[in-house]
Amino acid sequence: MNILKSTFIQIIRRKESPLFLVLFIACLSFFGWLFDLMSLSSFSPKYIPIPPSSVSMFISLSILFLINNNLGKSQFTKSLVTLFVIIDAFYCSIIFLEYFFNLSWDIEYILIKNHEMFGGVPIGRMSPISSILFVFISIGIFSFRQNNSNIIKYTGGGFSLLVFLASSVLLIGYLYNAPLLYGSKIIPVSLPSTICFLLFSITLIRVFELKFWTFNLIKDNKVIRQLLKSFLPIVVFMVILQGFLDTVFSFN
């Protein structure tokens with residue numbers, strides 16, 4: 001029992017441990033698309049399923065991060081990981097440009113040709129918000145191994161924090177039963193994607209540590225730093241939990 005407990009604690013302490021949950025959710029969603037079980041890809045019939053392109057991005061970026069973090073000591077491995085991260089970022093950038101400039105391209109046609117509709121938006125197509133968040137994650141993966149440049153690390157830490165904030169807002173929308181962009185003409189971010197973005201951003205933030213966040217002006221103040229690290233997350237969690245309970249249950 002002690003050995004099992006010790007092993008579990010060691011897994012939790014590993015900074016990349018949330019990525020294994022990301023891979024699990026992505027693989028589960030992949031089987032959902034493969035065997036036409038949309039409940040595995042959306043977690044609820046009233047929510048839009050995660051598109052195959054997002055599944056591919058989460059699996060690809062998670063594997064590249066793990067390789068870069070654990071096996072990327074040689075220059076060849078680092079160069080290979082950087083190349084594939086750039087390819088992923090370029091692919092997502094094209095998807096974002098399609099929406100931003102209202103282009104007639106459909107690069108996701110490669111993965112799924114015939115798509116159905118969910119409300120007024122197509123199923124199986126990546127949200128423009130997801131595409132830009134994938135670009136931010138790619139920047140974070142590229143940045144954390146740049147040992148000779150603190151500016152690049154600060155940039156990566158800042159983009160990782162943006163992904164965390166955006167995914168937190170999206171997740172709060174789902175918790176309050178009011179997911180963002182549903183009913184609009186913009187494809188919303190699916191619930192599985194939102195959870196994976198949050199887990200991936202937590203991984204990057206743990207890797208970059210506090211010194212590469214955007215709290216440089218207050219990190220020397222020990223009191224404020226302690227409040228940020230302990231009391232603030234607890235208070236935010238309690239407020240979100242209260243709103244979730246008020247939404248799901250009825251209280252007098």
# chains A, B, ... in the order shown; residues from 1 in each chain; ligands from 1
call {"tool": "select_by_dssp", "arguments": {"residues": "region 55-204 of chain A", "states": "strand (DSSP E)", "output": "JSON, numbers by chain"}}
result
{"A": [117, 118, 121, 122]}
call {"tool": "write_last_selection", "arguments": {"atoms": "C-alpha atoms", "output": "short mmCIF file (atom, residue, chain, number, x, y, z; two decimals), in the first residue's frame"}}
result
data_model
loop_
_atom_site.label_atom_id
_atom_site.label_comp_id
_atom_site.auth_asym_id
_atom_site.auth_seq_id
_atom_site.Cartn_x
_atom_site.Cartn_y
_atom_site.Cartn_z
CA MET A 117 -24.45 20.38 -38.52
CA PHE A 118 -24.82 21.21 -34.84
CA VAL A 121 -22.20 25.34 -37.18
CA PRO A 122 -20.56 22.28 -38.77
#
call {"tool": "residues_around", "arguments": {"residues": "Leu181 (chain A)", "least_positions_apart": "2", "cutoff": "12 Å", "atoms": "only C-alpha atoms", "output": "ChimeraX atom specification"}}
result
/A:47-48,119-121,127-129,170,173-174,178-179,183-190
call {"tool": "write_last_selection", "arguments": {"atoms": "N, CA and C atoms", "output": "PDB file, in the first residue's frame"}}
result
ATOM      1  N   TYR A  47     -23.791  19.033 -26.244  1.00  0.00           N
ATOM      2  CA  TYR A  47     -22.572  19.773 -26.534  1.00  0.00           C
ATOM      3  C   TYR A  47     -21.972  19.298 -27.848  1.00  0.00           C
ATOM      4  N   ILE A  48     -21.261  20.185 -28.510  1.00  0.00           N
ATOM      5  CA  ILE A  48     -20.616  19.857 -29.776  1.00  0.00           C
ATOM      6  C   ILE A  48     -19.421  18.947 -29.517  1.00  0.00           C
ATOM      7  N   GLY A 119     -26.679  22.744 -34.692  1.00  0.00           N
ATOM      8  CA  GLY A 119     -27.228  24.094 -34.692  1.00  0.00           C
ATOM      9  C   GLY A 119     -26.929  24.761 -36.026  1.00  0.00           C
ATOM     10  N   GLY A 120     -26.186  25.847 -35.973  1.00  0.00           N
ATOM     11  CA  GLY A 120     -25.827  26.545 -37.200  1.00  0.00           C
ATOM     12  C   GLY A 120     -24.372  26.405 -37.577  1.00  0.00           C
ATOM     13  N   VAL A 121     -23.627  25.493 -36.901  1.00  0.00           N
ATOM     14  CA  VAL A 121     -22.196  25.342 -37.178  1.00  0.00           C
ATOM     15  C   VAL A 121     -21.910  23.890 -37.555  1.00  0.00           C
ATOM     16  N   SER A 127     -12.696  24.999 -33.903  1.00  0.00           N
ATOM     17  CA  SER A 127     -13.077  26.373 -33.587  1.00  0.00           C
ATOM     18  C   SER A 127     -11.887  27.303 -33.818  1.00  0.00           C
ATOM     19  N   PRO A 128     -12.131  28.528 -34.297  1.00  0.00           N
ATOM     20  CA  PRO A 128     -11.018  29.473 -34.454  1.00  0.00           C
ATOM     21  C   PRO A 128     -10.332  29.789 -33.128  1.00  0.00           C
ATOM     22  N   ILE A 129     -11.088  29.733 -32.028  1.00  0.00           N
ATOM     23  CA  ILE A 129     -10.470  29.943 -30.711  1.00  0.00           C
ATOM     24  C   ILE A 129      -9.506  28.807 -30.400  1.00  0.00           C
ATOM     25  N   LEU A 170     -13.703  29.365 -20.575  1.00  0.00           N
ATOM     26  CA  LEU A 170     -14.533  28.422 -21.323  1.00  0.00           C
ATOM     27  C   LEU A 170     -15.096  27.337 -20.418  1.00  0.00           C
ATOM     28  N   GLY A 173     -17.935  28.554 -18.296  1.00  0.00           N
ATOM     29  CA  GLY A 173     -19.165  28.593 -19.079  1.00  0.00           C
ATOM     30  C   GLY A 173     -19.871  27.241 -19.092  1.00  0.00           C
ATOM     31  N   TYR A 174     -19.100  26.163 -19.251  1.00  0.00           N
ATOM     32  CA  TYR A 174     -19.704  24.832 -19.223  1.00  0.00           C
ATOM     33  C   TYR A 174     -20.209  24.482 -17.822  1.00  0.00           C
ATOM     34  N   ALA A 178     -23.775  27.421 -19.375  1.00  0.00           N
ATOM     35  CA  ALA A 178     -23.918  28.513 -20.338  1.00  0.00           C
ATOM     36  C   ALA A 178     -22.645  28.594 -21.177  1.00  0.00           C
ATOM     37  N   PRO A 179     -22.350  27.522 -21.955  1.00  0.00           N
ATOM     38  CA  PRO A 179     -21.106  27.495 -22.743  1.00  0.00           C
ATOM     39  C   PRO A 179     -21.061  28.626 -23.757  1.00  0.00           C
ATOM     40  N   GLY A 183     -25.007  28.800 -30.235  1.00  0.00           N
ATOM     41  CA  GLY A 183     -26.064  29.591 -30.843  1.00  0.00           C
ATOM     42  C   GLY A 183     -25.558  30.668 -31.769  1.00  0.00           C
ATOM     43  N   SER A 184     -24.240  30.867 -31.832  1.00  0.00           N
ATOM     44  CA  SER A 184     -23.663  31.859 -32.736  1.00  0.00           C
ATOM     45  C   SER A 184     -23.179  31.176 -34.012  1.00  0.00           C
ATOM     46  N   LYS A 185     -22.640  31.965 -34.938  1.00  0.00           N
ATOM     47  CA  LYS A 185     -22.127  31.429 -36.194  1.00  0.00           C
ATOM     48  C   LYS A 185     -20.677  30.979 -36.079  1.00  0.00           C
ATOM     49  N   ILE A 186     -20.052  31.235 -34.941  1.00  0.00           N
ATOM     50  CA  ILE A 186     -18.676  30.809 -34.708  1.00  0.00           C
ATOM     51  C   ILE A 186     -18.688  29.448 -34.038  1.00  0.00           C
ATOM     52  N   ILE A 187     -17.856  28.525 -34.511  1.00  0.00           N
ATOM     53  CA  ILE A 187     -17.809  27.186 -33.936  1.00  0.00           C
ATOM     54  C   ILE A 187     -17.301  27.274 -32.499  1.00  0.00           C
ATOM     55  N   PRO A 188     -18.061  26.781 -31.526  1.00  0.00           N
ATOM     56  CA  PRO A 188     -17.604  26.852 -30.129  1.00  0.00           C
ATOM     57  C   PRO A 188     -16.523  25.820 -29.835  1.00  0.00           C
ATOM     58  N   VAL A 189     -15.810  26.061 -28.763  1.00  0.00           N
ATOM     59  CA  VAL A 189     -14.793  25.105 -28.300  1.00  0.00           C
ATOM     60  C   VAL A 189     -15.510  24.003 -27.537  1.00  0.00           C
ATOM     61  N   SER A 190     -15.256  22.759 -27.894  1.00  0.00           N
ATOM     62  CA  SER A 190     -15.930  21.630 -27.259  1.00  0.00           C
ATOM     63  C   SER A 190     -15.466  21.467 -25.819  1.00  0.00           C
TER      64      SER A 190
END
call {"tool": "closest_residue", "arguments": {"among": "A:Leu37, A:Leu28, A:Leu171, A:Val207", "to": "Gly140 (chain A)", "atoms": "only C-alpha atoms"}}
result
A:Val207
call {"tool": "closest_residue", "arguments": {"among": "A:Thr155, A:Ser93, A:Phe24, A:Ser53", "to": "Leu40 (chain A)", "atoms": "only C-alpha atoms"}}
result
A:Phe24
